[in-house]
Structures are given as structure tokens and as C-alpha cells.
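Participant: One structure follows; several queries about it will come next.
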Amino acid sequence: MLIRTTIKSLIFILILTSTSFGQLSAIESFDYSLTTLAGKGSAANGFGGPWVNDEEGGIEGLVTVGNNRFAYADLNWEVPHDTIHLQVVKNGMWSDHNRYKRPLAQLYPNTAGASYWVSYLLDVKEPLPVGNTYFMVKLYDGTTEVLAIGKGGGADTPVFTCGSGWPGNAGDDLSAVEILGGPVWLVARIDMPGNATDAARTFMWIDPDPSAEPDTADADVARNSTLTNGIDNIALEFGGDGADVRLIFDEITIATSFTDLTAESPAGTVARESFDYLVTTLAGKGSAANGFGGPWVNDEEGGIEGLVTVGNNRFAYADLNWEVPHDTIHLQVVKNGMWSDHNRYKRPLAQLYPNTAGASYWVSYLLDVKEPLPVGNTYFMVKLYDGTTEVLAIGKGGGADTPVFTCGSGWPGNAGDDLSAVEILGGPVWLVARIDMPGNATDAARTFMWIDPDPSAEPDTADADVARNSTLTNGIDNIALEFGGDGADVRLIFDEIRIGDSFAAVSSEIPTDVFEPVGTIPMDYALEQNYPNPFNPSTTISFSLPQESNVTLRVFDVIGREVASLIQNENVSAGTYKVSFDASRLSSGTYFYQLITNNTVDTRKMLLIK
């Protein structure tokens, strides 16, 4: 029977299901859509449309929008700005190169005597860019680059440049002003010649006084540019080989006068990009699937959102001691060194890991800490909860001066059995912990932690880096990710948070859903009955598309909770497809799978019997 309905109506279907569970396992691989600037911004504020990714092979997921990263108070002058801005983390790989381009709402024409101004705020954090690292705002005449403002490629000395995006170590594109980190306001002016033969005279100032138009005699760069029609596109570009450089951009503005450039409310033609988009957050991501009962939530009042981004080329998996199962996408965090950075994201497990005598539960995750190493009260950890009571904190707790891995309290200080002897030296590690349940609320749960154990064999408790007692009552039903403290500009990367009732559950590959085309192009949309049905634990779902469509394929339980997202908003070509669905982490019962395309919403039911 084919059911055409909405998921809301599913909650009224009453079907008796089994409440028994199979093997306990919860996996968080952070395989969400990559954070990108592409598609953000509309035809407003002087622009003709949103940002687009303008470089084939460019890596998305390098940027995030935040609201507490830019040191506005350290600027030489008070410059109009929004508190939200764009953050970029450079990994030191040439494949990091990105260029986001955006059309202006109108041409700034090549009219004789016209002068156009462009500016933006830039903050560069240590380590300072060297070699061919580059970051700049660019202006275009159609597809022809007119001007690149920031730091061009090919130069060994980190100085501000204005002109070509690849100036090298000599020429009039280079200023004498070295990039020393901290926020600056970059301002450039282009004087139009009125024809395509003569050069446009260009000037750049670094941190000029916004209260008075700067004098060309004081320009840090003075050079000639070439253009034909005028300026109709703006771009943001960054790339090169500088390792772990953090860049922050804000208030990209182009105006027809210096007064409009610096005014809160310009009177003339202005295009302004303040990056006032929704702040990036982990809250709300993840569904009732993979062993979880719902999405992440921000679990700390006053916590600052916008500290995380999802990326796919940040974690040095090849540098791990062992090959550990992982998804290539993971979570990145940049700590600014402020106590207000504190965040705790919490997530419910789909079921209780009960306090049963003799039961052992395992938890693990991948962690990469970049220089500068955490000191003082910097903390970052995965936590387990019994309701609202913290059971265990795995990572680095607060209050300790020595940067060592800890397991136990989230605030162990400098002594006690929560601390390991293993110093945090950066680079990727695999943290694994085991909790042996006492079966009552009186006796302690014996807890062990290993740092980089061999995943091919269950580690011996005699070799644990930490052995301590934990306390709990009912069991474990929530997991959390917490980071904060006063470490300055620490970059953290988390991946593969897993909890299970065996070492194999945290160390073994988990089968993934397979999505592949089969057969010829069909005549109509169709969602077929899964086969086999009933099934245990896997089945195949087939569907057909007569034309290219945006496709979502999800699985729900009988009360309408999403338990799996097999395809999420993907553009899929016409054809017939098969999707493998593994339900080994679900309980027996009736489930519904729903296909959403451009033209249809179809739902069928299936039966899982274990």
C-alpha cells in the first residue's frame, strides 16, 4: 500500500511495537552540510545577488559566521561595523584555496573623474602568514580582475598589498607596512580614467583616520590599475600554504565617496557586506538517529554561539597512531581566550545505558589540538550524564596548569586520579574510556581511560592512563561536548564521538547507507516497497525519477520522530535508484520511509523484526 501523507499524520497511527533494543551504540560523525559562504546574502545592501563559490576545486567549509572574534576595541579608530563577521581558518594546504564572488547591484562605471572607494576590516591571528599565504578582497570588471586588496601571493615578507593578487616580492603593489596581526582597516581609492586605454590611478591606506579623507601623498601604496567598463563584482579570496592561520573579515564596503564609506547612513551609492547572517551553531543539528534521541542543544545560558564550524580537511587522520573508523567531516572550534566563549552542547541518547551490575560501557572520540597548546584553565571534553548529573568528563578539564589529558571531573585541578601523565602535545589522538557499572547507586563505577590504544584489541585496564571511580544512579542517558576557558586562540577539532556497550562498538567500522543508480530512465516518479520486508537488520529502498530532482529520503518511527536521513536535499539525476538502509541500531517495530522530490511526497511503511 502506498501512503501519500505528511509526517504529522503519522503520529495518529497506533501500531504496537517491541520495546526491546539490540546492541547499544551511538555515533556522532558530524557529517552535516559543510559551512559555506556560498548562497548567503540577497539582492540588497547594494548587491545584485548572493555570494557564489567562484573556484572549481575550492574547499567549502573553511568559513563560519561569528560574533565575538573581531577585536574591534583594538582598532586605531572607531569604524562603523556590525558585531557579526566572517572567520576563516587556513590549514596550510593549497587545496584550501577559496574564492567567493558576488555581483554588485549596479555598475560603478568607468567615468572620467569618478573616484570609487573600497574598504574592509581585517584581523589576522598568530601564527602570522608567511610564504604564499594570501587573503584579499578583489574588485572585478566582468571576469577581469581590477584590484586585490590585502596580502597577495608569492611574497615571502608578510606586508599588505594592493594591486595584483600575485605581486611577488617587488613592485608598486607592495606596501612597507608589515602584517603584525591584530585588526586593521584597509581603504583603497580608484580614480577612473574614462576610457580603456589610460590607467586608473589607485591608492591604498592602512588604518587611515575615518574623520577626514586621506591624502594621496600619505598612501601606503600608489599604483596604476587597468579596467574597461568599471566595477561590477566583488570577491573574497584566501589560500596558500600558511599553516593554521586564522583570518577575520568584516564590513566589506564599496562607495562613491569617502564620506559614504565611513558614514553609518550613507547618502550616496554604497554596497556593504556586514556578514550579519545567522551565527553558526551546533544546536539543532543531528536527528533522532544513530543512537540519539534528538538533536544537539545549547546547554549553557550565556554560552556564545558561532564558535563551531563543520569542515572536511582539518583533521590530520594520517597522523593518528592507528587507523580508526571515521567520517571525513568533523567539528572545528576556535577559542578566542575569553571566558565568555564557554559552550556546552548536550544531546540525549535514544535510550538509557542502564546501571546494570557487570555491564561495561565504552565512549571514544577523535581530538586534534593545534598550537598554541592549551594552558591554564582552557578545557575541552566530551561528557556523559545521568539525567542532569555529570558522570564523566573526557579530554582536558579546567583548573589545571599542566596541559595533560584528564578523565573524571570537568574541574580536576592540578592533582588527583583524574589526571593522566600524558601531556597534550597537539596533533590527533583517539581517546577511549570504559565505565564498569556497579548495579546500584552506592558503589562506585570503576572508570578507565586510554590515549591512542590499538583498536584491533580491547585495551587492558592495567595499561590505562587514568583509573578512577565515578558515581551514578540510573545509568547514562545524555552526552555533551564542552569547551571554554582562557587559552588564547586555541583551535580544537572533534570527530567520531561514539558510545557503545562493547569495545567493538567504538572501534569497528559501522556499515553505511549506500546510494547508487540502477536501470534506465523511468517514465514517472515512484517509491517502491522496501525489500526484504519484514527485514533484519538491513533492507533496500528503491525509487524512480523521470527528471532531475531535489531529493530527500528519510525514515520515521510510528510517532513521527526521524530516525534516519538517507538522502538530504541532494540534486539527483533522472533514473532508478537503490538505497541500502541498516537498522541495526533501532528496535523492532514499524517504521515509515518518505521520499520528497520537486513534485511528490510519497510514504511507505516497513517492518523491522529482530
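Letters A, B, ... mark the chains of the C-alpha cells in the order given; residue numbers begin at 1 per chain; ligand numbers begin at 1, in order shown.
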I'd like the contact shell of A:Leu261 - 9 Å cut-off, only C-alpha atoms, skipping same-chain residues fewer than 6 positions apart - returned as a count of residues only.

Facilitator: 8

Participant: Per DSSP on the backbone, filter stretch 139-217 of chain A down to the residues in strand (DSSP E) and report them as a PyMOL selection string.

Facilitator: chain A and resi 139-141+144-151+159-163+174-178+182-191+200-206

Participant: With distances taken over only C-alpha atoms, which of A:Leu139, A:Met381, A:Val334, A:Leu174 is nearest to A:Ile190?

Facilitator: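 Answer, going by the shortest atom-to-atom distance: A:Leu139.
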